[in-house]
>>> print(open('run24.cif').read())   # mmCIF, C-alpha atoms
data_data
#
loop_
_atom_site.label_atom_id
_atom_site.label_comp_id
_atom_site.auth_asym_id
_atom_site.auth_seq_id
_atom_site.Cartn_x
_atom_site.Cartn_y
_atom_site.Cartn_z
CA MET A 1 0.00 0.00 0.00
CA LYS A 2 1.33 3.42 -0.95
CA ILE A 3 -0.12 6.66 0.42
CA GLU A 4 0.56 9.51 -1.99
CA LEU A 5 1.50 12.88 -0.50
CA LYS A 6 1.22 16.08 -2.48
CA TYR A 7 4.44 17.61 -1.17
CA THR A 8 7.43 15.53 -0.15
CA GLN A 9 10.51 17.73 -0.54
CA PRO A 10 11.50 19.40 2.77
CA SER A 11 12.17 22.73 1.01
CA GLU A 12 8.75 22.58 -0.69
CA ILE A 13 7.03 21.67 2.58
CA GLU A 14 8.69 24.59 4.34
CA ARG A 15 7.66 27.01 1.57
CA GLN A 16 4.12 25.68 1.57
CA SER A 17 3.91 25.91 5.38
CA MET A 18 5.15 29.48 5.48
CA GLU A 19 2.61 30.40 2.79
CA THR A 20 -0.21 28.90 4.88
CA ILE A 21 1.02 30.77 7.97
CA SER A 22 1.03 34.04 6.00
CA ARG A 23 -2.49 33.41 4.74
CA ILE A 24 -3.83 32.70 8.23
CA LEU A 25 -2.10 35.76 9.73
CA LEU A 26 -3.65 37.86 6.97
CA GLU A 27 -7.10 36.34 7.60
CA GLN A 28 -6.74 37.13 11.29
CA GLY A 29 -5.68 40.70 10.47
CA ILE A 30 -2.35 40.26 12.26
CA HIS A 31 0.60 42.35 11.06
CA LEU A 32 4.03 41.38 12.36
CA ALA A 33 6.82 43.87 12.95
CA PRO A 34 9.29 43.22 10.12
CA GLU A 35 12.30 42.93 12.45
CA ASN A 36 10.61 40.20 14.54
CA GLU A 37 8.77 38.41 11.76
CA SER A 38 11.29 35.62 11.11
CA VAL A 39 11.22 34.58 14.78
CA ILE A 40 7.44 34.72 15.16
CA ARG A 41 6.86 32.77 11.95
CA ARG A 42 9.29 30.03 12.96
CA VAL A 43 7.65 29.66 16.37
CA ILE A 44 4.25 29.33 14.70
CA HIS A 45 5.79 26.85 12.25
CA THR A 46 7.06 24.81 15.22
CA THR A 47 3.85 24.89 17.28
CA ALA A 48 1.01 25.56 14.80
CA ASP A 49 -0.12 27.97 17.51
CA PHE A 50 -0.99 31.48 16.34
CA ASP A 51 -1.21 32.77 19.92
CA TYR A 52 2.52 33.43 19.64
CA ALA A 53 1.83 36.21 17.12
CA GLN A 54 0.36 38.07 20.10
CA THR A 55 2.42 36.84 23.04
CA LEU A 56 6.02 37.06 21.83
CA SER A 57 7.56 40.21 23.26
CA PHE A 58 10.85 41.65 22.00
CA SER A 59 13.11 44.27 23.54
CA PRO A 60 14.26 46.84 20.94
CA ASP A 61 16.54 45.24 18.33
CA ALA A 62 16.56 41.92 20.22
CA VAL A 63 16.65 39.83 17.03
CA GLU A 64 19.47 41.87 15.48
CA GLN A 65 21.40 41.84 18.77
CA GLY A 66 21.08 38.06 18.98
CA ARG A 67 22.31 37.63 15.42
CA ALA A 68 25.20 40.04 15.95
CA ALA A 69 26.25 38.05 19.04
CA ILE A 70 26.12 34.78 17.09
CA ARG A 71 28.27 36.37 14.37
CA ARG A 72 30.82 37.19 17.09
CA GLY A 73 30.84 33.53 18.17
CA ALA A 74 28.37 33.67 21.08
CA CYS A 75 27.41 30.38 22.73
CA ILE A 76 23.88 29.25 23.55
CA VAL A 77 23.00 27.99 27.03
CA THR A 78 19.77 26.02 27.46
CA ASP A 79 18.00 24.74 30.57
CA THR A 80 17.00 21.37 29.06
CA ARG A 81 18.51 18.67 26.90
CA MET A 82 15.40 18.91 24.73
CA ALA A 83 16.08 22.55 23.83
CA TRP A 84 19.75 21.74 23.30
CA SER A 85 18.76 18.86 20.99
CA GLY A 86 16.54 21.09 18.90
CA ILE A 87 19.17 23.74 18.18
CA ASN A 88 21.03 23.55 14.88
CA LYS A 89 24.47 23.29 16.47
CA LYS A 90 26.18 22.68 13.14
CA ARG A 91 24.97 26.04 11.89
CA LEU A 92 25.94 27.66 15.20
CA ALA A 93 29.45 26.18 14.92
CA GLU A 94 29.92 27.92 11.55
CA TYR A 95 30.18 31.17 13.53
CA GLY A 96 32.35 29.66 16.28
CA GLY A 97 29.59 29.18 18.86
CA GLU A 98 28.70 26.11 20.90
CA GLY A 99 25.53 24.87 22.59
CA PHE A 100 25.68 24.15 26.31
CA CYS A 101 23.29 22.44 28.70
CA PHE A 102 24.64 21.77 32.16
CA ILE A 103 21.48 20.39 33.80
CA SER A 104 22.78 16.82 34.14
CA ASP A 105 26.41 17.64 34.99
CA GLN A 106 27.62 16.02 38.20
CA ASP A 107 28.89 19.29 39.67
CA VAL A 108 25.49 20.89 38.95
CA VAL A 109 23.61 18.05 40.66
CA ARG A 110 25.94 18.38 43.67
CA LEU A 111 25.69 22.19 43.78
CA ALA A 112 21.87 22.00 43.65
CA SER A 113 21.81 19.50 46.51
CA ASP A 114 24.36 21.47 48.62
CA ASN A 115 22.44 24.74 48.16
CA SER A 116 18.93 23.21 48.39
CA THR A 117 18.09 24.69 45.03
CA THR A 118 16.96 23.33 41.67
CA ARG A 119 19.37 21.86 39.14
CA ALA A 120 18.10 24.49 36.71
CA VAL A 121 19.30 27.24 39.07
CA ALA A 122 22.63 25.52 39.63
CA SER A 123 23.10 25.14 35.87
CA MET A 124 22.66 28.91 35.45
CA GLU A 125 25.29 29.52 38.16
CA LYS A 126 27.66 27.30 36.24
CA ALA A 127 26.88 29.07 32.97
CA SER A 128 27.53 32.47 34.55
CA ARG A 129 31.16 31.45 35.06
CA ILE A 130 31.78 30.76 31.36
CA ASP A 131 34.09 33.34 29.86
CA ARG A 132 32.23 33.59 26.53
CA GLU A 133 29.53 35.84 25.15
CA LEU A 134 26.25 34.06 25.95
CA ILE A 135 22.67 33.77 24.73
CA PHE A 136 20.36 31.99 27.16
CA ALA A 137 17.45 29.93 25.82
CA ILE A 138 15.17 28.94 28.70
CA GLY A 139 12.15 26.87 27.68
CA ASN A 140 11.28 25.00 30.81
CA ALA A 141 12.39 26.21 34.23
CA PRO A 142 11.07 29.49 35.61
CA THR A 143 13.58 29.12 38.46
CA ALA A 144 16.38 29.29 35.87
CA LEU A 145 14.91 32.47 34.40
CA VAL A 146 14.53 34.03 37.87
CA ARG A 147 18.13 33.17 38.76
CA LEU A 148 19.28 34.70 35.48
CA TYR A 149 17.36 37.84 36.39
CA GLU A 150 19.05 37.99 39.80
CA LEU A 151 22.52 37.49 38.33
CA ILE A 152 21.89 40.29 35.82
CA ALA A 153 20.47 42.60 38.51
CA GLU A 154 23.54 41.89 40.67
CA GLY A 155 25.83 42.80 37.76
CA LYS A 156 27.33 39.30 37.66
CA LEU A 157 26.12 38.45 34.18
CA SER A 158 25.29 40.37 31.06
CA PRO A 159 23.92 38.06 28.38
CA ALA A 160 23.78 39.13 24.75
CA LEU A 161 20.17 37.93 24.73
CA VAL A 162 17.74 36.14 27.04
CA ILE A 163 15.19 33.93 25.29
CA GLY A 164 12.68 33.38 28.09
CA VAL A 165 9.91 30.99 27.13
CA PRO A 166 9.22 28.60 30.03
CA VAL A 167 5.82 26.94 29.92
CA GLY A 168 3.49 26.18 32.79
CA PHE A 169 1.22 27.18 35.60
CA VAL A 170 3.44 28.05 38.58
CA ASN A 171 5.96 30.95 38.67
CA VAL A 172 6.03 30.96 34.87
CA VAL A 173 4.18 34.18 34.03
CA GLU A 174 5.91 36.01 36.89
CA SER A 175 9.39 34.91 35.84
CA LYS A 176 8.82 36.14 32.31
CA GLU A 177 7.28 39.47 33.34
CA LEU A 178 10.48 40.27 35.28
CA PHE A 179 12.19 40.71 31.91
CA VAL A 180 9.32 42.44 30.11
CA THR A 181 8.86 45.06 32.86
CA GLY A 182 12.46 45.23 34.10
CA GLY A 183 11.30 44.01 37.52
CA PRO A 184 12.36 45.38 40.93
CA GLY A 185 15.99 45.68 39.77
CA GLN A 186 14.88 47.78 36.77
CA ILE A 187 17.19 45.83 34.48
CA GLN A 188 17.31 46.32 30.73
CA ALA A 189 18.43 43.00 29.29
CA PRO A 190 17.92 42.21 25.60
CA HIS A 191 15.14 39.64 25.58
CA ILE A 192 12.61 37.64 23.61
CA ILE A 193 9.84 36.54 25.96
CA ALA A 194 6.67 34.49 25.38
CA ARG A 195 4.23 36.25 27.70
CA GLY A 196 1.60 34.15 29.43
CA ARG A 197 1.74 30.46 30.26
CA LYS A 198 2.77 29.06 26.91
CA GLY A 199 6.27 28.27 25.69
CA GLY A 200 8.50 25.23 25.89
CA SER A 201 11.83 23.73 24.98
CA ASN A 202 10.66 23.40 21.37
CA VAL A 203 9.84 27.13 21.29
CA ALA A 204 13.23 28.00 22.80
CA ALA A 205 15.01 25.95 20.14
CA ALA A 206 12.84 27.40 17.35
CA ILE A 207 13.77 30.95 18.34
CA VAL A 208 17.49 30.13 18.34
CA ASN A 209 17.12 28.46 14.93
CA ALA A 210 15.19 31.46 13.58
CA LEU A 211 18.14 33.64 14.55
CA LEU A 212 20.54 31.21 12.87
CA TYR A 213 18.53 30.80 9.66
CA GLY A 214 18.10 34.56 9.22
CA MET A 215 21.79 35.48 9.42
CA MET B 1 18.82 40.86 44.81
CA LYS B 2 16.58 37.92 45.70
CA ILE B 3 13.25 37.25 43.96
CA GLU B 4 11.00 35.25 46.27
CA LEU B 5 8.86 32.54 44.69
CA LYS B 6 5.84 31.12 46.44
CA TYR B 7 6.48 27.52 45.39
CA THR B 8 9.94 26.12 44.84
CA GLN B 9 9.76 22.36 45.44
CA PRO B 10 9.25 20.43 42.16
CA SER B 11 6.66 18.14 43.78
CA GLU B 12 4.73 21.15 45.11
CA ILE B 13 4.93 22.92 41.73
CA GLU B 14 3.58 19.82 39.99
CA ARG B 15 0.71 19.49 42.49
CA GLN B 16 -0.12 23.17 42.18
CA SER B 17 0.00 22.99 38.35
CA MET B 18 -2.29 19.98 38.18
CA GLU B 19 -4.73 21.75 40.52
CA THR B 20 -4.80 24.79 38.23
CA ILE B 21 -5.34 22.56 35.19
CA SER B 22 -8.28 20.85 36.95
CA ARG B 23 -9.80 24.21 37.84
CA ILE B 24 -9.56 25.51 34.27
CA LEU B 25 -11.00 22.29 32.81
CA LEU B 26 -13.90 22.58 35.27
CA GLU B 27 -14.45 26.25 34.34
CA GLN B 28 -14.50 25.29 30.67
CA GLY B 29 -16.97 22.48 31.39
CA ILE B 30 -14.60 19.85 30.01
CA HIS B 31 -14.85 16.31 31.38
CA LEU B 32 -12.03 13.92 30.52
CA ALA B 33 -12.52 10.17 30.09
CA PRO B 34 -10.92 8.67 33.23
CA GLU B 35 -8.78 6.21 31.26
CA ASN B 36 -7.22 8.98 29.16
CA GLU B 37 -7.05 11.67 31.81
CA SER B 38 -3.42 11.15 32.90
CA VAL B 39 -2.20 11.56 29.32
CA ILE B 40 -4.33 14.61 28.52
CA ARG B 41 -3.36 16.36 31.75
CA ARG B 42 0.35 15.80 31.19
CA VAL B 43 0.13 17.15 27.64
CA ILE B 44 -1.63 20.26 28.94
CA HIS B 45 1.00 20.51 31.69
CA THR B 46 3.71 20.40 29.00
CA THR B 47 2.11 22.89 26.61
CA ALA B 48 -0.26 25.03 28.72
CA ASP B 49 -2.58 24.49 25.76
CA PHE B 50 -6.10 23.35 26.61
CA ASP B 51 -6.89 22.59 22.96
CA TYR B 52 -5.44 19.15 23.62
CA ALA B 53 -8.40 18.34 25.87
CA GLN B 54 -10.42 18.35 22.64
CA THR B 55 -7.96 17.14 20.02
CA LEU B 56 -6.31 14.10 21.60
CA SER B 57 -7.95 11.00 20.17
CA PHE B 58 -7.49 7.54 21.69
CA SER B 59 -8.27 4.13 20.26
CA PRO B 60 -10.06 1.90 22.82
CA ASP B 61 -7.77 1.03 25.75
CA ALA B 62 -4.80 2.75 24.07
CA VAL B 63 -3.36 4.01 27.37
CA GLU B 64 -3.68 0.65 29.09
CA GLN B 65 -2.27 -1.15 26.05
CA GLY B 66 0.73 1.20 26.03
CA ARG B 67 1.38 0.62 29.73
CA ALA B 68 1.02 -3.14 29.38
CA ALA B 69 3.57 -3.10 26.54
CA ILE B 70 6.01 -1.06 28.64
CA ARG B 71 5.58 -3.56 31.50
CA ARG B 72 6.57 -6.30 29.03
CA GLY B 73 9.74 -4.38 28.16
CA ALA B 74 8.61 -2.56 25.00
CA CYS B 75 11.00 -0.04 23.45
CA ILE B 76 10.10 3.47 22.33
CA VAL B 77 11.05 4.69 18.84
CA THR B 78 10.98 8.45 18.17
CA ASP B 79 11.41 10.44 14.98
CA THR B 80 13.51 13.22 16.55
CA ARG B 81 16.34 13.58 19.03
CA MET B 82 14.20 16.17 20.83
CA ALA B 83 11.45 13.65 21.58
CA TRP B 84 14.07 11.08 22.55
CA SER B 85 15.68 13.62 24.91
CA GLY B 86 12.38 14.36 26.60
CA ILE B 87 11.52 10.77 27.43
CA ASN B 88 12.34 9.51 30.94
CA LYS B 89 14.59 6.70 29.75
CA LYS B 90 15.67 5.82 33.30
CA ARG B 91 12.07 5.04 34.19
CA LEU B 92 11.64 3.12 30.92
CA ALA B 93 14.75 1.05 31.68
CA GLU B 94 13.17 -0.11 34.97
CA TYR B 95 10.85 -2.24 32.83
CA GLY B 96 13.58 -3.36 30.45
CA GLY B 97 12.74 -0.97 27.61
CA GLU B 98 15.03 1.35 25.67
CA GLY B 99 14.52 4.56 23.71
CA PHE B 100 15.63 4.63 20.07
CA CYS B 101 16.00 7.41 17.53
CA PHE B 102 17.67 6.46 14.28
CA ILE B 103 17.28 9.75 12.40
CA SER B 104 21.00 10.63 12.40
CA ASP B 105 22.37 7.10 11.93
CA GLN B 106 24.73 6.79 8.98
CA ASP B 107 22.85 3.84 7.46
CA VAL B 108 19.60 5.82 7.68
CA VAL B 109 21.13 8.85 5.98
CA ARG B 110 22.45 6.55 3.22
CA LEU B 111 19.16 4.67 2.86
CA ALA B 112 17.22 7.95 2.57
CA SER B 113 19.57 9.19 -0.12
CA ASP B 114 19.55 5.86 -2.04
CA ASN B 115 15.73 5.70 -1.98
CA SER B 116 15.12 9.44 -2.53
CA THR B 117 13.07 9.53 0.63
CA THR B 118 13.23 11.43 3.92
CA ARG B 119 15.49 10.38 6.78
CA ALA B 120 12.35 10.13 8.89
CA VAL B 121 10.96 7.47 6.54
CA ALA B 122 14.26 5.61 6.43
CA SER B 123 14.43 5.66 10.24
CA MET B 124 11.01 3.97 10.39
CA GLU B 125 12.22 1.29 7.94
CA LYS B 126 15.17 0.64 10.25
CA ALA B 127 12.91 0.52 13.31
CA SER B 128 10.59 -1.99 11.61
CA ARG B 129 13.48 -4.46 11.57
CA ILE B 130 14.00 -4.40 15.36
CA ASP B 131 12.95 -7.65 16.95
CA ARG B 132 11.37 -6.04 20.03
CA GLU B 133 7.87 -4.96 20.97
CA LEU B 134 7.65 -1.31 19.92
CA ILE B 135 5.80 1.89 20.74
CA PHE B 136 6.29 4.67 18.18
CA ALA B 137 6.27 8.29 19.31
CA ILE B 138 6.17 10.58 16.27
CA GLY B 139 6.14 14.29 17.07
CA ASN B 140 7.56 15.86 13.98
CA ALA B 141 7.54 14.07 10.63
CA PRO B 142 4.22 13.28 8.93
CA THR B 143 6.22 11.22 6.39
CA ALA B 144 7.33 8.96 9.26
CA LEU B 145 3.73 8.51 10.37
CA VAL B 146 2.59 7.75 6.80
CA ARG B 147 5.36 5.18 6.36
CA LEU B 148 4.35 3.57 9.66
CA TYR B 149 0.80 3.39 8.35
CA GLU B 150 1.97 1.70 5.15
CA LEU B 151 4.12 -0.82 7.03
CA ILE B 152 1.17 -1.71 9.27
CA ALA B 153 -1.23 -1.96 6.32
CA GLU B 154 1.25 -4.24 4.54
CA GLY B 155 1.43 -6.47 7.63
CA LYS B 156 5.15 -5.78 8.10
CA LEU B 157 4.82 -4.09 11.48
CA SER B 158 2.43 -4.28 14.36
CA PRO B 159 3.33 -1.72 17.00
CA ALA B 160 1.96 -2.00 20.53
CA LEU B 161 0.98 1.67 20.22
CA VAL B 162 1.41 4.56 17.77
CA ILE B 163 1.66 8.00 19.36
CA GLY B 164 1.06 10.23 16.34
CA VAL B 165 1.44 13.91 17.12
CA PRO B 166 3.36 15.63 14.31
CA VAL B 167 2.88 19.39 14.14
CA GLY B 168 2.55 21.58 11.10
CA PHE B 169 0.81 22.74 7.99
CA VAL B 170 1.61 20.23 5.24
CA ASN B 171 0.58 16.54 5.24
CA VAL B 172 0.17 16.70 9.02
CA VAL B 173 -3.59 16.52 9.46
CA GLU B 174 -3.86 13.89 6.71
CA SER B 175 -1.16 11.66 8.20
CA LYS B 176 -2.88 11.66 11.57
CA GLU B 177 -6.37 11.04 10.17
CA LEU B 178 -5.08 7.83 8.56
CA PHE B 179 -4.89 6.36 12.06
CA VAL B 180 -8.08 7.90 13.44
CA THR B 181 -10.20 6.68 10.51
CA GLY B 182 -8.25 3.52 9.67
CA GLY B 183 -7.50 4.95 6.21
CA PRO B 184 -7.70 3.10 2.87
CA GLY B 185 -6.10 -0.02 4.41
CA GLN B 186 -8.77 -0.07 7.13
CA ILE B 187 -6.15 -0.78 9.76
CA GLN B 188 -6.90 -0.92 13.47
CA ALA B 189 -3.69 0.05 15.21
CA PRO B 190 -3.72 1.14 18.86
CA HIS B 191 -3.08 4.88 18.74
CA ILE B 192 -3.02 8.19 20.53
CA ILE B 193 -3.35 10.97 17.95
CA ALA B 194 -3.43 14.76 18.31
CA ARG B 195 -5.96 15.69 15.63
CA GLY B 196 -5.46 18.94 13.76
CA ARG B 197 -2.24 20.82 13.16
CA LYS B 198 -0.88 20.92 16.68
CA GLY B 199 1.55 18.52 18.31
CA GLY B 200 5.31 18.33 18.55
CA SER B 201 8.28 16.46 19.90
CA ASN B 202 7.52 17.82 23.37
CA VAL B 203 3.97 16.44 23.15
CA ALA B 204 5.25 13.05 21.97
CA ALA B 205 7.64 12.87 24.92
CA ALA B 206 4.95 14.04 27.36
CA ILE B 207 2.61 11.24 26.27
CA VAL B 208 5.31 8.61 26.72
CA ASN B 209 6.13 10.02 30.16
CA ALA B 210 2.44 10.07 31.13
CA LEU B 211 2.34 6.35 30.35
CA LEU B 212 5.48 5.79 32.44
CA TYR B 213 4.37 7.89 35.43
CA GLY B 214 0.97 6.19 35.59
CA MET B 215 2.26 2.61 35.74
#
>>> encode(input="run24.cif", output="structure tokens")
Amino acid sequence: MKIELKYTQPSEIERQSMETISRILLEQGIHLAPENESVIRRVIHTTADFDYAQTLSFSPDAVEQGRAAIRRGACIVTDTRMAWSGINKKRLAEYGGEGFCFISDQDVVRLASDNSTTRAVASMEKASRIDRELIFAIGNAPTALVRLYELIAEGKLSPALVIGVPVGFVNVVESKELFVTGGPGQIQAPHIIARGRKGGSNVAAAIVNALLYGM
Amino acid sequence: MKIELKYTQPSEIERQSMETISRILLEQGIHLAPENESVIRRVIHTTADFDYAQTLSFSPDAVEQGRAAIRRGACIVTDTRMAWSGINKKRLAEYGGEGFCFISDQDVVRLASDNSTTRAVASMEKASRIDRELIFAIGNAPTALVRLYELIAEGKLSPALVIGVPVGFVNVVESKELFVTGGPGQIQAPHIIARGRKGGSNVAAAIVNALLYGM
């Protein structure tokens, strides 16, 4: 038995998908800011969820700042292996960057246990000691995003970009709003945030890949 | 600077999240079938997307059949490294099962090129030759799901369960409906399908983990 599919070439499928996304955005009367369009479209492509056209929030020039950092060889730090897996690390390596996820490292597990904190928090501590320009892509742990915020507010870290898209029902909205509003420390960190409850490791990876594919 | 969070223990966050999900389902007047509830709730927990309460479609006893297969040592085959990464393989190993993803294997890359097909299809061909009981968790490639369908219709494969949750705009809905309706081959394969465009590697992994956590 052979099931015939109309489109089978990956490049054709991608073109066709992006065309459908454009049509639906048009039907819904949604206009995307040109500088953020490539990121928003790729997130919709990854999730088939048009809510992201409304919820993705960008600090001024966030996309261009992220791309400029990658061109300079910035590394990407994720909070989950899933997000790490989804990132096109081959493309990243063309600019000299690497992908890091420390969540399962033995020293991180020990640090988390010693400090009664989460492994996600401990993995951010470890990342903050890397002597490279960094982009953080947080798709799961609001505690990681909060710790990032604290490190930035304390002047211990200044990431090129924070992609903050944890998903969930507890601490998630609050952790993301810290970056959108600047929070009590009134920080101004370049960020791409998915406001509300939605997000995920797949969304984090899609945003990084959108930066990479639009270079 | 220290940002105080109300809940910080993972177990407490999970409890709190599930409570919120229950409340929202109640508010929306949605009642879940008891046998499918654990899967639907975990997918909502993973995505914060209540659409899945409506779109997840289960063949009779799919959840129980999946768990029984895992108890017998069934292995999980995914179409992406992301889905593979998200599966709790330690928990799976307690029952003797393993997680497989062949998408980047050299023989799969070669097979795809020789047969002018996608790597996803070639990885399903490879999986069909494993002499183990198998559960497939497909979160990305509709071509993989279609090839699975063909192999089942041809009598070359009989998976314990097909988790079919690709996401996207081309071939996606059609590939999933093959399993829901039985398609031209009128097959009856145990399945959990996310109808419509939505799904993803994160959803595929969440469904596998929901099976594992409810054993």
>>> residues_around(input="run24.cif", residues="Thr46 (chain B)", least_positions_apart="3", cutoff="10 Å", atoms="all atoms listed in the file", output="count of residues only")
19
>>> interface_residues(input="run24.cif", of="chain B", to="chain A", cutoff="6 Å", atoms="all atoms listed in the file", output="VMD selection string")
chain B and resid 1 17 48 82 85 to 86 150 168 to 169 197 to 198
>>> resolve_selection(input="run24.cif", expression="the PyMOL selection byres ((chain A and resi 189-194) around 6)", output="list in words")
Thr55, Leu56, Ser57, Phe58, Ser59, Ala62, Leu161, Val162, Ile163, Gly164, Val165, Gln188 and Arg195 of chain A
>>> atom_distance(input="run24.cif", atom1="CA of Gly99 (chain A)", atom2="CA of Ile130 (chain A)")
12.3 Å
>>> atom_distance(input="run24.cif", atom1="CA of Gly73 (chain A)", atom2="CA of Tyr95 (chain A)")
5.2 Å
>>> resolve_selection(input="run24.cif", expression="the PyMOL selection byres ((chain A and resi 137) around 7)", output="list in words")
Ile76, Val77, Thr78, Ile135, Phe136, Ile138, Gly139, Val162, Ile163, Gly164 and Ala204 of chain A
>>> closest_residue(input="run24.cif", among="A:Cys101, A:Leu145, A:Ala53, A:Leu111", to="Ala127 (chain A)", atoms="only C-alpha atoms")
A:Cys101
>>> residues_around(input="run24.cif", residues="Arg72 (chain A)", least_positions_apart="5", cutoff="12 Å", atoms="all atoms listed in the file", output="PyMOL selection string")
chain A and resi 65-67+92-98+132-135+160+215
>>> closest_residue(input="run24.cif", among="A:Val180, A:Ala144, A:Ala122, A:Leu211", to="Asp107 (chain A)", atoms="only C-alpha atoms")
A:Ala122
>>> resolve_selection(input="run24.cif", expression="the PyMOL selection byres ((chain A and resi 103) around 7)", output="ChimeraX atom specification")
/A:79-80,101-102,104-105,108,119-120,123
>>> atom_distance(input="run24.cif", atom1="CA of Leu212 (chain A)", atom2="CA of Ala74 (chain A)")
11.6 Å
